[in-house]
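File shown: model.tsv. Contents: TSV, C-alpha atoms.
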```tsv
chain	number	residue	atom	x	y	z
A	181	MET	CA	0.49	-27.48	35.50
A	182	THR	CA	1.07	-24.93	32.74
A	183	GLU	CA	-1.69	-23.16	30.89
A	184	ALA	CA	-2.15	-24.00	27.21
A	185	TYR	CA	-1.12	-21.27	24.79
A	186	LEU	CA	-4.22	-21.81	22.66
A	187	ALA	CA	-7.70	-22.62	23.84
A	188	GLN	CA	-8.92	-25.95	22.44
A	189	ASP	CA	-11.47	-24.22	20.20
A	190	ASP	CA	-8.77	-21.96	18.75
A	191	PHE	CA	-6.43	-24.91	18.28
A	192	HIS	CA	-9.09	-26.90	16.41
A	193	ALA	CA	-10.04	-23.90	14.25
A	194	VAL	CA	-6.41	-23.25	13.25
A	195	ASP	CA	-5.86	-26.96	12.59
A	196	ALA	CA	-9.01	-27.23	10.46
A	197	TRP	CA	-8.03	-24.14	8.44
A	198	TRP	CA	-4.49	-25.47	7.96
A	199	ARG	CA	-5.73	-28.87	6.76
A	200	ALA	CA	-8.24	-27.28	4.37
A	201	ALA	CA	-5.61	-24.90	2.97
A	202	ASN	CA	-3.15	-27.79	2.54
A	203	TYR	CA	-5.77	-29.84	0.64
A	204	LEU	CA	-6.62	-26.89	-1.61
A	205	THR	CA	-2.90	-26.35	-2.24
A	206	VAL	CA	-2.29	-29.98	-3.21
A	207	GLY	CA	-5.43	-29.97	-5.33
A	208	GLN	CA	-4.21	-26.99	-7.33
A	209	ILE	CA	-0.86	-28.62	-8.01
A	210	TYR	CA	-2.09	-32.13	-8.87
A	211	LEU	CA	-5.79	-32.28	-9.72
A	212	MET	CA	-7.48	-31.39	-12.98
A	213	GLY	CA	-10.87	-32.80	-11.96
A	214	ASN	CA	-12.76	-34.58	-9.17
A	215	PRO	CA	-11.89	-31.96	-6.50
A	216	LEU	CA	-14.01	-33.50	-3.75
A	217	LEU	CA	-12.85	-37.03	-4.63
A	218	THR	CA	-16.44	-38.15	-5.14
A	219	GLU	CA	-15.18	-40.96	-7.36
A	220	ALA	CA	-12.07	-43.11	-7.29
A	221	LEU	CA	-9.04	-41.05	-8.23
A	222	GLY	CA	-7.83	-41.91	-11.71
A	223	PRO	CA	-5.23	-40.71	-14.21
A	224	GLN	CA	-7.87	-38.56	-15.93
A	225	HIS	CA	-8.10	-36.46	-12.75
A	226	VAL	CA	-4.37	-35.70	-12.51
A	227	LYS	CA	-2.69	-32.88	-14.42
A	228	PRO	CA	-0.33	-34.13	-17.12
A	229	ARG	CA	2.37	-31.64	-16.13
A	230	LEU	CA	2.79	-30.72	-12.49
A	231	LEU	CA	3.93	-27.21	-11.61
A	232	GLY	CA	3.91	-25.57	-8.25
A	233	HIS	CA	5.88	-26.17	-5.10
A	234	TRP	CA	4.45	-28.14	-2.21
A	235	GLY	CA	7.52	-27.81	0.02
A	236	THR	CA	7.03	-24.23	1.16
A	237	SER	CA	3.21	-24.32	1.12
A	238	PRO	CA	2.41	-26.03	4.46
A	239	GLY	CA	4.53	-23.45	6.29
A	240	LEU	CA	2.84	-20.56	4.51
A	241	ASN	CA	-0.57	-22.10	5.27
A	242	LEU	CA	0.29	-22.53	8.95
A	243	LEU	CA	1.52	-18.95	9.22
A	244	TRP	CA	-1.61	-17.68	7.47
A	245	ALA	CA	-3.87	-19.60	9.85
A	246	HIS	CA	-2.08	-18.45	13.01
A	247	LEU	CA	-1.66	-14.86	11.87
A	248	ASN	CA	-5.36	-14.60	11.00
A	249	ARG	CA	-6.18	-15.86	14.49
A	250	ALA	CA	-3.79	-13.34	16.06
A	251	ILE	CA	-5.03	-10.47	13.91
A	252	GLU	CA	-8.65	-11.20	14.81
A	253	SER	CA	-8.15	-11.92	18.51
A	254	ARG	CA	-5.78	-8.99	19.15
A	255	ASP	CA	-7.20	-6.52	16.61
A	256	LEU	CA	-3.76	-6.16	15.01
A	257	ASN	CA	-3.08	-3.82	12.13
A	258	MET	CA	-0.93	-6.30	10.22
A	259	LEU	CA	-0.72	-7.82	6.77
A	260	PHE	CA	0.93	-11.13	5.90
A	261	VAL	CA	2.99	-10.25	2.84
A	262	THR	CA	4.82	-12.74	0.66
A	263	GLY	CA	6.96	-12.29	-2.40
A	264	PRO	CA	6.07	-13.89	-5.73
A	265	CYS	CA	7.25	-17.12	-4.16
A	266	HIS	CA	7.05	-20.78	-4.92
A	267	GLY	CA	4.17	-20.98	-2.43
A	268	GLY	CA	1.70	-19.52	-4.93
A	269	PRO	CA	-0.86	-22.29	-4.50
A	270	ALA	CA	-0.87	-21.73	-0.73
A	271	ILE	CA	-1.64	-18.04	-1.10
A	272	VAL	CA	-4.39	-18.75	-3.62
A	273	ALA	CA	-5.83	-21.48	-1.34
A	274	ASN	CA	-6.04	-19.18	1.68
A	275	THR	CA	-7.59	-16.29	-0.23
A	276	TRP	CA	-10.16	-18.71	-1.67
A	277	LEU	CA	-10.96	-20.04	1.82
A	278	GLU	CA	-11.43	-16.47	3.08
A	279	GLY	CA	-13.77	-15.71	0.19
A	280	ARG	CA	-11.67	-12.82	-1.14
A	281	TYR	CA	-10.51	-14.73	-4.22
A	282	SER	CA	-14.12	-15.39	-5.25
A	283	GLU	CA	-14.98	-11.72	-4.72
A	284	LEU	CA	-12.26	-10.73	-7.19
A	285	TYR	CA	-12.90	-13.67	-9.53
A	286	PRO	CA	-16.62	-14.59	-9.27
A	287	SER	CA	-16.22	-17.45	-11.75
A	288	VAL	CA	-14.21	-19.27	-9.05
A	289	SER	CA	-17.09	-19.62	-6.61
A	290	ARG	CA	-16.89	-21.07	-3.10
A	291	ASP	CA	-18.56	-24.38	-3.93
A	292	ALA	CA	-17.63	-27.67	-5.64
A	293	ALA	CA	-17.79	-26.10	-9.11
A	294	GLY	CA	-15.58	-23.21	-7.99
A	295	MET	CA	-13.13	-25.60	-6.36
A	296	ALA	CA	-12.94	-27.57	-9.60
A	297	ARG	CA	-12.16	-24.36	-11.49
A	298	LEU	CA	-9.63	-23.31	-8.84
A	299	PHE	CA	-7.78	-26.61	-9.24
A	300	ARG	CA	-8.01	-26.74	-13.03
A	301	GLN	CA	-6.85	-23.15	-13.63
A	302	PHE	CA	-3.70	-23.34	-11.52
A	303	SER	CA	-0.56	-23.49	-13.65
A	304	PHE	CA	-2.59	-24.63	-16.63
A	305	PRO	CA	-3.07	-23.09	-20.10
A	306	GLY	CA	-5.57	-20.24	-19.88
A	307	GLY	CA	-5.38	-20.28	-16.08
A	308	ILE	CA	-3.19	-18.62	-13.48
A	309	PRO	CA	0.61	-18.88	-13.07
A	310	SER	CA	2.30	-21.17	-10.56
A	311	HIS	CA	3.73	-18.16	-8.72
A	312	VAL	CA	1.68	-15.44	-7.08
A	313	ALA	CA	1.11	-13.04	-9.94
A	314	PRO	CA	-2.40	-11.58	-10.00
A	315	PRO	CA	-3.03	-9.36	-13.03
A	316	ASP	CA	-3.58	-5.65	-12.40
A	317	ARG	CA	-5.17	-6.15	-8.98
A	318	TRP	CA	-2.21	-5.44	-6.70
A	319	PRO	CA	0.71	-3.19	-7.60
A	320	SER	CA	3.13	-5.43	-5.71
A	321	SER	CA	2.52	-8.30	-8.14
A	322	THR	CA	5.36	-7.14	-10.40
A	323	GLN	CA	8.21	-8.13	-8.08
A	324	ALA	CA	10.46	-11.03	-8.94
A	325	ASN	CA	13.28	-12.98	-7.37
A	326	ALA	CA	11.99	-12.36	-3.84
A	327	GLU	CA	12.54	-8.61	-3.96
A	328	ARG	CA	11.61	-7.47	-0.51
A	329	GLY	CA	10.86	-3.78	-0.98
A	330	GLN	CA	7.93	-4.04	-3.36
A	331	PRO	CA	5.83	-6.49	-1.33
A	332	CYS	CA	6.12	-4.26	1.74
A	333	ALA	CA	4.77	-1.18	-0.03
A	334	PRO	CA	1.06	-2.17	0.13
A	335	ALA	CA	1.31	-2.84	3.87
A	336	GLU	CA	3.08	0.43	4.53
A	337	ARG	CA	0.47	2.36	2.48
A	338	ARG	CA	-2.20	0.90	4.77
A	339	GLY	CA	-0.24	1.83	7.89
A	340	ALA	CA	0.13	-1.83	8.80
A	341	SER	CA	3.14	-3.71	10.10
A	342	PRO	CA	4.20	-6.09	7.33
A	343	LEU	CA	5.45	-9.58	8.13
A	344	LEU	CA	7.24	-10.68	5.01
A	345	MET	CA	8.06	-14.30	4.34
A	346	SER	CA	10.22	-14.86	1.28
A	347	SER	CA	10.01	-18.38	-0.03
A	348	ALA	CA	12.22	-18.12	-3.09
A	349	SER	CA	14.52	-21.06	-3.68
A	350	GLY	CA	12.00	-23.44	-2.18
A	351	GLY	CA	11.84	-22.55	1.50
A	352	CYS	CA	10.55	-19.88	3.84
A	353	ARG	CA	13.24	-17.55	5.05
A	354	TYR	CA	13.15	-15.17	7.98
A	355	PRO	CA	10.70	-12.40	8.80
A	356	VAL	CA	11.81	-9.13	7.26
A	357	THR	CA	10.68	-5.78	8.56
A	358	PRO	CA	10.95	-2.64	6.39
A	359	PRO	CA	14.06	-1.16	8.07
A	360	SER	CA	16.08	-4.32	7.41
A	361	PHE	CA	15.99	-4.42	3.62
```

Target format structure tokens, applied to this file:
Amino acid sequence: MTEAYLAQDDFHAVDAWWRAANYLTVGQIYLMGNPLLTEALGPQHVKPRLLGHWGTSPGLNLLWAHLNRAIESRDLNMLFVTGPCHGGPAIVANTWLEGRYSELYPSVSRDAAGMARLFRQFSFPGGIPSHVAPPDRWPSSTQANAERGQPCAPAERRGASPLLMSSASGGCRYPVTPPSF
């Protein structure tokens, strides 16, 4: 009999994180209200114009969950770096789950009211764009068209090994390390 790669507890933790991140991602793309589905879903809860890409998001969410597990369990000096990418709602979902998003934007708290704001603001007038583009917080937010050099700079400044996943054109590509671009 072969030994399992992940302990059951680790498997369940990664799976729970992945499912939560996927729900938060879908909620940002589709929902304008009723984030916890406490009432029957109706047209008034759905955004009139849907922007954001679901296709690349589950993969980004899965990578985020597994890399966080590996970073914690192996004490790795690594950052998961993405380009501006179509997976914007996935990146926002994971940073909200971690609590970092709410630290930077306290009005998007880690409760039902904050989740409602998170969903409503995504790709909506007065909210945040459908691609990862935080204002003035991270210098790498200016890249476009999956430029690979700029996203790696923050990782290199921290002395970390960047794992870059470019998801331009709707799908995750290959890992890129600094010497290869």

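Going from CA of His266 in chain A to CA of Asp190 in chain A covers 28.5 Å.
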
Can you tell me which residues surround range 192-196 of chain A at a distance of at most 7 Å, considering only C-alpha atoms, apart from same-chain residues fewer than 4 positions away, and format the answer as a PyMOL selection string?
chain A and resi 188+200+245-246

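If you measure from each of A:Leu186, A:Ala292, A:Ala270, A:Leu204 to Gly239 in chain A using only C-alpha atoms, the closest one turns out to be A:Ala270.
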
Let me make sure I understand: among A:Gly294, A:Arg280, A:Ile308, A:Phe302, which one has the smallest atom-to-atom distance to Leu216 in chain A if we use all atoms listed in the file?
A:Gly294

If you measure from CA of Trp197 in chain A to CA of Asn241 in chain A, what distance in Å do you get, rounded to one decimal?
8.4 Å

Let me know the centre plus edge lengths, in Å and rounded to one decimal, of a box with edges along x, y and z that contains all listed atoms of range 298-301 of chain A and is padded by 4 Å on every side, as JSON.
```
{"center_x": -8.2, "center_y": -24.9, "center_z": -11.2, "size_x": 10.8, "size_y": 11.6, "size_z": 12.8}
```

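Distances to Gly267 in chain A were evaluated for A:Gly213, A:Pro223, A:Gly235, A:Gly307 using only C-alpha atoms, and the minimum falls at A:Gly235.
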
note - CA of Asn202 in chain A and CA of Leu242 in chain A are separated by 9.0 Å

Which one is closest to Leu277 in chain A: A:Leu240, A:Ala201, A:Leu230, A:Val206? Count only C-alpha atoms.
A:Ala201

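Considering the residues A:Gln224, A:Ser287, A:Asn274, A:Thr236 and counting only C-alpha atoms, Asn248 in chain A has its shortest atom-to-atom contact with A:Asn274.
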